[in-house]
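S.K.: To be precise about what I am sending: the file is called target30.pdb and holds PDB, C-alpha atoms.
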ATOM      1  CA  MET H   1      -5.460-142.635-178.547  1.00  0.00           C
ATOM      2  CA  ARG H   2      -7.704-139.593-178.446  1.00  0.00           C
ATOM      3  CA  GLY H   3     -10.593-141.691-179.784  1.00  0.00           C
ATOM      4  CA  TRP H   4      -9.877-144.346-177.168  1.00  0.00           C
ATOM      5  CA  ILE H   5      -9.927-141.742-174.385  1.00  0.00           C
ATOM      6  CA  GLU H   6     -13.228-140.315-175.634  1.00  0.00           C
ATOM      7  CA  ALA H   7     -14.807-143.784-175.822  1.00  0.00           C
ATOM      8  CA  LEU H   8     -13.472-144.933-172.433  1.00  0.00           C
ATOM      9  CA  PRO H   9     -16.477-143.788-170.311  1.00  0.00           C
ATOM     10  CA  ALA H  10     -18.979-145.614-172.522  1.00  0.00           C
ATOM     11  CA  LYS H  11     -16.859-148.771-172.628  1.00  0.00           C
ATOM     12  CA  SER H  12     -15.697-148.898-169.011  1.00  0.00           C
ATOM     13  CA  GLY H  13     -18.039-146.702-166.992  1.00  0.00           C
ATOM     14  CA  ARG H  14     -15.283-144.255-166.061  1.00  0.00           C
ATOM     15  CA  SER H  15     -13.382-141.430-167.721  1.00  0.00           C
ATOM     16  CA  LEU H  16      -9.589-141.458-168.006  1.00  0.00           C
ATOM     17  CA  GLU H  17      -9.220-139.151-165.004  1.00  0.00           C
ATOM     18  CA  GLN H  18     -11.633-141.267-162.943  1.00  0.00           C
ATOM     19  CA  TRP H  19      -9.560-144.371-163.751  1.00  0.00           C
ATOM     20  CA  MET H  20      -6.382-142.527-162.756  1.00  0.00           C
ATOM     21  CA  THR H  21      -7.925-141.757-159.357  1.00  0.00           C
ATOM     22  CA  VAL H  22      -9.092-145.353-158.864  1.00  0.00           C
ATOM     23  CA  ILE H  23      -5.714-146.832-159.828  1.00  0.00           C
ATOM     24  CA  ARG H  24      -3.656-144.402-157.760  1.00  0.00           C
ATOM     25  CA  LYS H  25      -5.807-145.056-154.656  1.00  0.00           C
ATOM     26  CA  GLN H  26      -4.722-148.705-154.815  1.00  0.00           C
ATOM     27  CA  HIS H  27      -1.074-147.749-154.092  1.00  0.00           C
ATOM     28  CA  LEU H  28       0.151-150.460-156.460  1.00  0.00           C
ATOM     29  CA  ALA H  29       3.883-151.079-156.798  1.00  0.00           C
ATOM     30  CA  ASP H  30       4.361-150.455-160.515  1.00  0.00           C
ATOM     31  CA  VAL H  31       2.874-150.557-164.020  1.00  0.00           C
ATOM     32  CA  LYS H  32       2.895-154.361-164.083  1.00  0.00           C
ATOM     33  CA  ALA H  33       0.975-154.587-160.810  1.00  0.00           C
ATOM     34  CA  GLY H  34      -1.488-151.971-162.066  1.00  0.00           C
ATOM     35  CA  ARG H  35      -2.051-153.828-165.318  1.00  0.00           C
ATOM     36  CA  GLU H  36      -2.644-157.143-163.551  1.00  0.00           C
ATOM     37  CA  TRP H  37      -4.992-155.527-161.026  1.00  0.00           C
ATOM     38  CA  LEU H  38      -7.084-153.964-163.810  1.00  0.00           C
ATOM     39  CA  LYS H  39      -7.248-157.265-165.684  1.00  0.00           C
ATOM     40  CA  THR H  40      -8.150-159.296-162.581  1.00  0.00           C
ATOM     41  CA  GLU H  41     -10.414-156.898-160.706  1.00  0.00           C
ATOM     42  CA  HIS H  42     -12.058-155.134-163.639  1.00  0.00           C
ATOM     43  CA  GLY H  43     -11.887-157.756-166.412  1.00  0.00           C
ATOM     44  CA  MET H  44      -9.969-155.480-168.781  1.00  0.00           C
ATOM     45  CA  GLY H  45      -8.037-156.726-171.769  1.00  0.00           C
ATOM     46  CA  THR H  46      -4.253-156.479-171.829  1.00  0.00           C
ATOM     47  CA  ASN H  47      -4.037-153.345-173.998  1.00  0.00           C
ATOM     48  CA  THR H  48      -6.595-151.282-172.072  1.00  0.00           C
ATOM     49  CA  ALA H  49      -5.174-152.336-168.715  1.00  0.00           C
ATOM     50  CA  GLY H  50      -1.643-151.603-169.919  1.00  0.00           C
ATOM     51  CA  TRP H  51      -2.466-148.141-171.237  1.00  0.00           C
ATOM     52  CA  LEU H  52      -4.293-147.148-168.070  1.00  0.00           C
ATOM     53  CA  ALA H  53      -1.561-148.486-165.794  1.00  0.00           C
ATOM     54  CA  GLU H  54       1.191-146.802-167.827  1.00  0.00           C
ATOM     55  CA  ARG H  55      -0.683-143.511-167.674  1.00  0.00           C
ATOM     56  CA  ALA H  56      -1.258-143.831-163.906  1.00  0.00           C
ATOM     57  CA  PHE H  57       2.468-144.313-163.280  1.00  0.00           C
ATOM     58  CA  ALA H  58       3.613-141.656-165.800  1.00  0.00           C
ATOM     59  CA  LYS H  59       4.511-138.100-164.888  1.00  0.00           C
ATOM     60  CA  ALA H  60       1.642-135.601-164.894  1.00  0.00           C
ATOM     61  CA  GLY H  61       0.396-134.364-168.235  1.00  0.00           C
ATOM     62  CA  ALA H  62      -0.168-135.904-171.620  1.00  0.00           C
ATOM     63  CA  THR H  63       1.827-138.942-172.602  1.00  0.00           C
ATOM     64  CA  TRP H  64       3.624-139.244-175.949  1.00  0.00           C
ATOM     65  CA  ASP H  65       0.768-141.235-177.482  1.00  0.00           C
ATOM     66  CA  GLU H  66      -1.664-138.351-177.016  1.00  0.00           C
ATOM     67  CA  ASP H  67       0.461-135.992-179.138  1.00  0.00           C
ATOM     68  CA  PRO H  68       0.357-137.074-182.809  1.00  0.00           C
ATOM     69  CA  ASP H  69       3.577-135.296-183.805  1.00  0.00           C
ATOM     70  CA  GLU H  70       5.546-136.734-180.893  1.00  0.00           C
ATOM     71  CA  TYR H  71       4.111-140.187-181.540  1.00  0.00           C
ATOM     72  CA  LEU H  72       5.251-140.109-185.189  1.00  0.00           C
ATOM     73  CA  ARG H  73       8.788-139.264-184.108  1.00  0.00           C
ATOM     74  CA  MET H  74       8.754-142.061-181.540  1.00  0.00           C
ATOM     75  CA  ALA H  75       7.193-144.603-183.946  1.00  0.00           C
ATOM     76  CA  VAL H  76      10.064-144.284-186.419  1.00  0.00           C
ATOM     77  CA  ARG H  77      12.589-144.673-183.604  1.00  0.00           C
ATOM     78  CA  TYR H  78      10.777-147.725-182.202  1.00  0.00           C
ATOM     79  CA  VAL H  79      10.998-149.585-185.516  1.00  0.00           C
ATOM     80  CA  GLU H  80      14.651-148.623-186.002  1.00  0.00           C
ATOM     81  CA  GLU H  81      15.489-149.890-182.504  1.00  0.00           C
ATOM     82  CA  GLN H  82      13.543-153.143-182.967  1.00  0.00           C
ATOM     83  CA  TYR H  83      15.608-153.994-186.049  1.00  0.00           C
ATOM     84  CA  ALA H  84      19.030-152.790-184.908  1.00  0.00           C
ATOM     85  CA  GLY H  85      22.134-154.775-184.032  1.00  0.00           C
ATOM     86  CA  LYS H  86      21.714-158.550-184.185  1.00  0.00           C
ATOM     87  CA  LYS H  87      18.127-158.172-185.426  1.00  0.00           C
ATOM     88  CA  ALA H  88      19.057-155.962-188.409  1.00  0.00           C
ATOM     89  CA  ALA H  89      18.832-158.928-190.799  1.00  0.00           C
ATOM     90  CA  LEU H  90      15.136-159.261-189.887  1.00  0.00           C
ATOM     91  CA  ARG H  91      14.210-155.826-191.275  1.00  0.00           C
ATOM     92  CA  PRO H  92      13.296-157.118-194.788  1.00  0.00           C
ATOM     93  CA  ILE H  93      10.832-159.546-193.159  1.00  0.00           C
ATOM     94  CA  TYR H  94       9.271-156.671-191.225  1.00  0.00           C
ATOM     95  CA  ASP H  95       9.108-154.470-194.323  1.00  0.00           C
ATOM     96  CA  ARG H  96       7.350-157.185-196.340  1.00  0.00           C
ATOM     97  CA  LEU H  97       4.873-158.014-193.574  1.00  0.00           C
ATOM     98  CA  LEU H  98       4.099-154.342-192.980  1.00  0.00           C
ATOM     99  CA  LYS H  99       3.460-153.745-196.679  1.00  0.00           C
ATOM    100  CA  MET H 100       1.240-156.840-196.815  1.00  0.00           C
ATOM    101  CA  GLY H 101      -0.633-155.830-193.663  1.00  0.00           C
ATOM    102  CA  LEU H 102      -1.305-152.274-194.788  1.00  0.00           C
ATOM    103  CA  GLY H 103      -2.374-153.523-198.217  1.00  0.00           C
ATOM    104  CA  ILE H 104      -4.845-156.051-196.835  1.00  0.00           C
ATOM    105  CA  GLY H 105      -7.630-153.446-196.627  1.00  0.00           C
ATOM    106  CA  LYS H 106      -8.073-149.719-197.051  1.00  0.00           C
ATOM    107  CA  ASP H 107      -8.703-149.196-193.331  1.00  0.00           C
ATOM    108  CA  ALA H 108      -5.675-151.187-192.111  1.00  0.00           C
ATOM    109  CA  LYS H 109      -3.248-149.105-190.065  1.00  0.00           C
ATOM    110  CA  ALA H 110       0.019-149.666-188.207  1.00  0.00           C
ATOM    111  CA  CYS H 111       0.822-148.337-184.743  1.00  0.00           C
ATOM    112  CA  PRO H 112       4.490-149.006-183.821  1.00  0.00           C
ATOM    113  CA  CYS H 113       5.282-149.562-180.151  1.00  0.00           C
ATOM    114  CA  LYS H 114       8.602-150.270-178.417  1.00  0.00           C
ATOM    115  CA  THR H 115       8.621-154.033-179.013  1.00  0.00           C
ATOM    116  CA  ILE H 116       5.921-154.704-181.644  1.00  0.00           C
ATOM    117  CA  VAL H 117       4.076-153.115-184.534  1.00  0.00           C
ATOM    118  CA  PRO H 118       0.351-153.777-184.173  1.00  0.00           C
ATOM    119  CA  LEU H 119      -1.896-153.697-187.242  1.00  0.00           C
ATOM    120  CA  TYR H 120      -5.476-152.645-186.665  1.00  0.00           C
ATOM    121  CA  ARG H 121      -8.727-151.512-188.192  1.00  0.00           C
ATOM    122  CA  GLU H 122     -11.352-151.338-185.435  1.00  0.00           C
ATOM    123  CA  HIS H 123      -9.117-153.402-183.110  1.00  0.00           C
ATOM    124  CA  VAL H 124      -5.693-154.986-183.401  1.00  0.00           C
ATOM    125  CA  PHE H 125      -5.960-157.880-185.841  1.00  0.00           C
ATOM    126  CA  ALA H 126      -2.241-158.680-186.161  1.00  0.00           C
ATOM    127  CA  GLN H 127       1.176-157.681-184.884  1.00  0.00           C
ATOM    128  CA  ILE H 128       4.735-157.917-186.171  1.00  0.00           C
ATOM    129  CA  LYS H 129       7.333-158.789-183.541  1.00  0.00           C
ATOM    130  CA  PRO H 130      11.065-159.517-183.849  1.00  0.00           C
ATOM    131  CA  THR H 131      10.912-162.291-181.261  1.00  0.00           C
ATOM    132  CA  THR H 132      14.477-163.606-181.568  1.00  0.00           C
ATOM    133  CA  ASN H 133      17.602-162.638-183.527  1.00  0.00           C
ATOM    134  CA  THR H 134      16.542-165.069-186.268  1.00  0.00           C
ATOM    135  CA  ARG H 135      12.739-164.919-186.261  1.00  0.00           C
ATOM    136  CA  VAL H 136       9.844-162.508-186.626  1.00  0.00           C
ATOM    137  CA  ASP H 137       6.455-163.614-185.344  1.00  0.00           C
ATOM    138  CA  LEU H 138       3.341-162.502-187.170  1.00  0.00           C
ATOM    139  CA  GLY H 139       0.786-162.518-184.378  1.00  0.00           C
ATOM    140  CA  LEU H 140      -2.847-162.935-185.398  1.00  0.00           C
ATOM    141  CA  SER H 141      -6.155-162.287-183.665  1.00  0.00           C
ATOM    142  CA  LEU H 142      -8.026-165.492-184.469  1.00  0.00           C
ATOM    143  CA  ALA H 143     -10.229-165.868-181.373  1.00  0.00           C
ATOM    144  CA  LYS H 144     -13.329-165.791-183.601  1.00  0.00           C
ATOM    145  CA  ALA H 145     -11.989-168.366-186.069  1.00  0.00           C
ATOM    146  CA  PRO H 146     -13.859-171.694-186.128  1.00  0.00           C
ATOM    147  CA  GLU H 147     -12.422-174.269-183.720  1.00  0.00           C
ATOM    148  CA  GLY H 148     -10.327-176.952-185.389  1.00  0.00           C
ATOM    149  CA  LYS H 149      -9.899-174.961-188.623  1.00  0.00           C
ATOM    150  CA  ILE H 150      -6.518-173.397-187.849  1.00  0.00           C
ATOM    151  CA  PRO H 151      -3.597-175.294-189.486  1.00  0.00           C
ATOM    152  CA  SER H 152      -0.636-176.532-187.450  1.00  0.00           C
ATOM    153  CA  ARG H 153       1.730-174.010-189.080  1.00  0.00           C
ATOM    154  CA  ILE H 154      -0.102-171.407-186.982  1.00  0.00           C
ATOM    155  CA  ILE H 155       0.893-171.682-183.316  1.00  0.00           C
ATOM    156  CA  ASP H 156      -1.623-171.066-180.522  1.00  0.00           C
ATOM    157  CA  THR H 157      -0.145-168.492-178.114  1.00  0.00           C
ATOM    158  CA  GLY H 158      -2.660-169.131-175.338  1.00  0.00           C
ATOM    159  CA  GLY H 159      -3.845-165.565-175.847  1.00  0.00           C
ATOM    160  CA  LYS H 160      -7.536-166.404-175.980  1.00  0.00           C
ATOM    161  CA  ALA H 161      -7.501-167.757-172.419  1.00  0.00           C
ATOM    162  CA  LYS H 162      -5.599-164.633-171.249  1.00  0.00           C
ATOM    163  CA  LYS H 163      -8.057-162.304-173.068  1.00  0.00           C
ATOM    164  CA  ASP H 164      -5.250-161.041-175.302  1.00  0.00           C
ATOM    165  CA  ARG H 165      -6.088-159.810-178.793  1.00  0.00           C
ATOM    166  CA  ILE H 166      -3.296-161.895-180.308  1.00  0.00           C
ATOM    167  CA  THR H 167      -4.186-165.581-180.011  1.00  0.00           C
ATOM    168  CA  HIS H 168      -1.906-167.210-182.602  1.00  0.00           C
ATOM    169  CA  ARG H 169       1.395-166.612-184.395  1.00  0.00           C
ATOM    170  CA  ILE H 170       3.197-167.617-187.551  1.00  0.00           C
ATOM    171  CA  PRO H 171       6.985-167.803-187.051  1.00  0.00           C
ATOM    172  CA  ILE H 172       8.905-166.370-190.022  1.00  0.00           C
ATOM    173  CA  GLY H 173      12.651-166.766-190.439  1.00  0.00           C
ATOM    174  CA  SER H 174      13.075-165.439-193.995  1.00  0.00           C
ATOM    175  CA  VAL H 175      11.286-163.316-196.575  1.00  0.00           C
ATOM    176  CA  ASP H 176      10.740-166.504-198.628  1.00  0.00           C
ATOM    177  CA  GLU H 177       8.409-167.810-195.900  1.00  0.00           C
ATOM    178  CA  ILE H 178       5.992-164.911-196.493  1.00  0.00           C
ATOM    179  CA  ASP H 179       3.751-166.753-198.910  1.00  0.00           C
ATOM    180  CA  GLU H 180       0.091-167.058-199.910  1.00  0.00           C
ATOM    181  CA  PHE H 181      -0.587-168.987-196.693  1.00  0.00           C
ATOM    182  CA  VAL H 182       0.634-166.062-194.578  1.00  0.00           C
ATOM    183  CA  GLU H 183      -1.363-163.577-196.638  1.00  0.00           C
ATOM    184  CA  ARG H 184      -4.527-165.704-196.446  1.00  0.00           C
ATOM    185  CA  TRP H 185      -4.393-165.938-192.650  1.00  0.00           C
ATOM    186  CA  LEU H 186      -3.497-162.264-192.251  1.00  0.00           C
ATOM    187  CA  LYS H 187      -6.585-161.481-194.344  1.00  0.00           C
ATOM    188  CA  ALA H 188      -8.640-163.868-192.198  1.00  0.00           C
ATOM    189  CA  ALA H 189      -7.597-161.985-189.047  1.00  0.00           C
ATOM    190  CA  TYR H 190      -8.415-158.683-190.760  1.00  0.00           C
ATOM    191  CA  ASP H 191     -11.824-159.964-191.856  1.00  0.00           C
ATOM    192  CA  LEU H 192     -12.632-161.242-188.348  1.00  0.00           C
ATOM    193  CA  ASP H 193     -12.261-157.663-187.103  1.00  0.00           C
ATOM    194  CA  ALA H 194     -14.940-156.305-189.442  1.00  0.00           C
ATOM    195  CA  LYS H 195     -17.497-153.974-187.851  1.00  0.00           C
TER     196      LYS H 195
END
For this file, produce the structure as structure tokens.

M.R.:
Amino acid sequence: MRGWIEALPAKSGRSLEQWMTVIRKQHLADVKAGREWLKTEHGMGTNTAGWLAERAFAKAGATWDEDPDEYLRMAVRYVEEQYAGKKAALRPIYDRLLKMGLGIGKDAKACPCKTIVPLYREHVFAQIKPTTNTRVDLGLSLAKAPEGKIPSRIIDTGGKAKKDRITHRIPIGSVDEIDEFVERWLKAAYDLDAK
């Protein structure tokens, strides 16, 4: 997050504080409205627009994702909450996918959020999401993959048209479904994010 904040002026033309001023002057209703306004009016991707809007509507001061120690505490809780209750049986799928994702390359990292666990190197290349009580979706960033080369087992999410990082998903209902196919396409997403 600190790196993102430092790079924001070069990437967007404004610093974090300048964006906060711009967003707050719009008198938008909530985070969702702020996110959509940033995407529509400034052509931002979902993650950047979301982070800026969340920050603009947060209380003054640093947010949890700017404090590494607080983030680590929250990250553990996020994963525990994602796989609690009726979704507890999905935890072995998550554990296997996380291990596979982190092992795909030495620079692969995980960044748990409230509802998903994104995997990234330079950018997010995949995400693990307990979508239903019986299924985890492995989301993949395959926008740069050759057209017509993605097999039917991989479902198009419509993310490319929405400028989302995640453009496809592989639904997984059991650990047995995490096979060489899944690993190959996870690696493909990782490779597409090379510098």

S.K.: Which polymer residues have any atom within 9 Å of an atom of stretch 120-135 of chain H, counting only C-alpha atoms, with same-chain residues fewer than 2 positions away left out, as a PDB file with C-alpha atoms, in the frame of the given file?

M.R.:
ATOM      1  CA  GLN H  82      13.543-153.143-182.967  1.00  0.00           C
ATOM      2  CA  TYR H  83      15.608-153.994-186.049  1.00  0.00           C
ATOM      3  CA  LYS H  86      21.714-158.550-184.185  1.00  0.00           C
ATOM      4  CA  LYS H  87      18.127-158.172-185.426  1.00  0.00           C
ATOM      5  CA  ALA H  88      19.057-155.962-188.409  1.00  0.00           C
ATOM      6  CA  ALA H  89      18.832-158.928-190.799  1.00  0.00           C
ATOM      7  CA  LEU H  90      15.136-159.261-189.887  1.00  0.00           C
ATOM      8  CA  ARG H  91      14.210-155.826-191.275  1.00  0.00           C
ATOM      9  CA  ILE H  93      10.832-159.546-193.159  1.00  0.00           C
ATOM     10  CA  TYR H  94       9.271-156.671-191.225  1.00  0.00           C
ATOM     11  CA  LEU H  97       4.873-158.014-193.574  1.00  0.00           C
ATOM     12  CA  LEU H  98       4.099-154.342-192.980  1.00  0.00           C
ATOM     13  CA  GLY H 101      -0.633-155.830-193.663  1.00  0.00           C
ATOM     14  CA  GLY H 105      -7.630-153.446-196.627  1.00  0.00           C
ATOM     15  CA  ASP H 107      -8.703-149.196-193.331  1.00  0.00           C
ATOM     16  CA  ALA H 108      -5.675-151.187-192.111  1.00  0.00           C
ATOM     17  CA  LYS H 109      -3.248-149.105-190.065  1.00  0.00           C
ATOM     18  CA  ALA H 110       0.019-149.666-188.207  1.00  0.00           C
ATOM     19  CA  CYS H 111       0.822-148.337-184.743  1.00  0.00           C
ATOM     20  CA  THR H 115       8.621-154.033-179.013  1.00  0.00           C
ATOM     21  CA  ILE H 116       5.921-154.704-181.644  1.00  0.00           C
ATOM     22  CA  VAL H 117       4.076-153.115-184.534  1.00  0.00           C
ATOM     23  CA  PRO H 118       0.351-153.777-184.173  1.00  0.00           C
ATOM     24  CA  ASP H 137       6.455-163.614-185.344  1.00  0.00           C
ATOM     25  CA  LEU H 138       3.341-162.502-187.170  1.00  0.00           C
ATOM     26  CA  GLY H 139       0.786-162.518-184.378  1.00  0.00           C
ATOM     27  CA  LEU H 140      -2.847-162.935-185.398  1.00  0.00           C
ATOM     28  CA  SER H 141      -6.155-162.287-183.665  1.00  0.00           C
ATOM     29  CA  LEU H 142      -8.026-165.492-184.469  1.00  0.00           C
ATOM     30  CA  ARG H 165      -6.088-159.810-178.793  1.00  0.00           C
ATOM     31  CA  ILE H 166      -3.296-161.895-180.308  1.00  0.00           C
ATOM     32  CA  ARG H 169       1.395-166.612-184.395  1.00  0.00           C
ATOM     33  CA  PRO H 171       6.985-167.803-187.051  1.00  0.00           C
ATOM     34  CA  ILE H 172       8.905-166.370-190.022  1.00  0.00           C
ATOM     35  CA  GLY H 173      12.651-166.766-190.439  1.00  0.00           C
ATOM     36  CA  SER H 174      13.075-165.439-193.995  1.00  0.00           C
ATOM     37  CA  LEU H 186      -3.497-162.264-192.251  1.00  0.00           C
ATOM     38  CA  ALA H 189      -7.597-161.985-189.047  1.00  0.00           C
ATOM     39  CA  TYR H 190      -8.415-158.683-190.760  1.00  0.00           C
ATOM     40  CA  ASP H 191     -11.824-159.964-191.856  1.00  0.00           C
ATOM     41  CA  LEU H 192     -12.632-161.242-188.348  1.00  0.00           C
ATOM     42  CA  ASP H 193     -12.261-157.663-187.103  1.00  0.00           C
ATOM     43  CA  ALA H 194     -14.940-156.305-189.442  1.00  0.00           C
ATOM     44  CA  LYS H 195     -17.497-153.974-187.851  1.00  0.00           C
TER      45      LYS H 195
END

S.K.: List the residues selected by the PyMOL selection byres ((chain H and resi 49) around 10) in the file shown, writing them as a list in words.

M.R.: Val31, Lys32, Gly34, Arg35, Glu36, Trp37, Leu38, Lys39, Thr40, His42, Gly43, Met44, Gly45, Thr46, Asn47, Thr48, Gly50, Trp51, Leu52, Ala53, Glu54 and Arg55 of chain H

S.K.: Neighbours of H:Arg184 within 12 Å (all atoms listed in the file; same-chain residues fewer than 3 positions away dropped), as a ChimeraX atom specification?

M.R.: /H:100-101,104,140,150-151,154,170,178-181,187-191

S.K.: What is the atom CA of H:Thr167-atom CA of H:Cys113 distance in Å, reported with one decimal?

M.R.: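 Value for the atom CA of H:Thr167-atom CA of H:Cys113 distance: 18.6 Å.
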
S.K.: Quick one, how far is atom CA of H:Ser152 from atom CA of H:Lys106?

M.R.: 29.4 Å

S.K.: Which of these residues is nearest to H:Lys163, using all atoms listed in the file: H:Ala143, H:Gly85, H:Asp176, H:Ile5?

M.R.: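 Using all atoms listed in the file, the shortest distance to H:Lys163 belongs to H:Ala143.
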
S.K.: Suppose you want the space between atom CA of H:Val22 and atom CA of H:Ala7; what is it in Å?

M.R.: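 Pair atom CA of H:Val22 / atom CA of H:Ala7 returns 18.0 Å.
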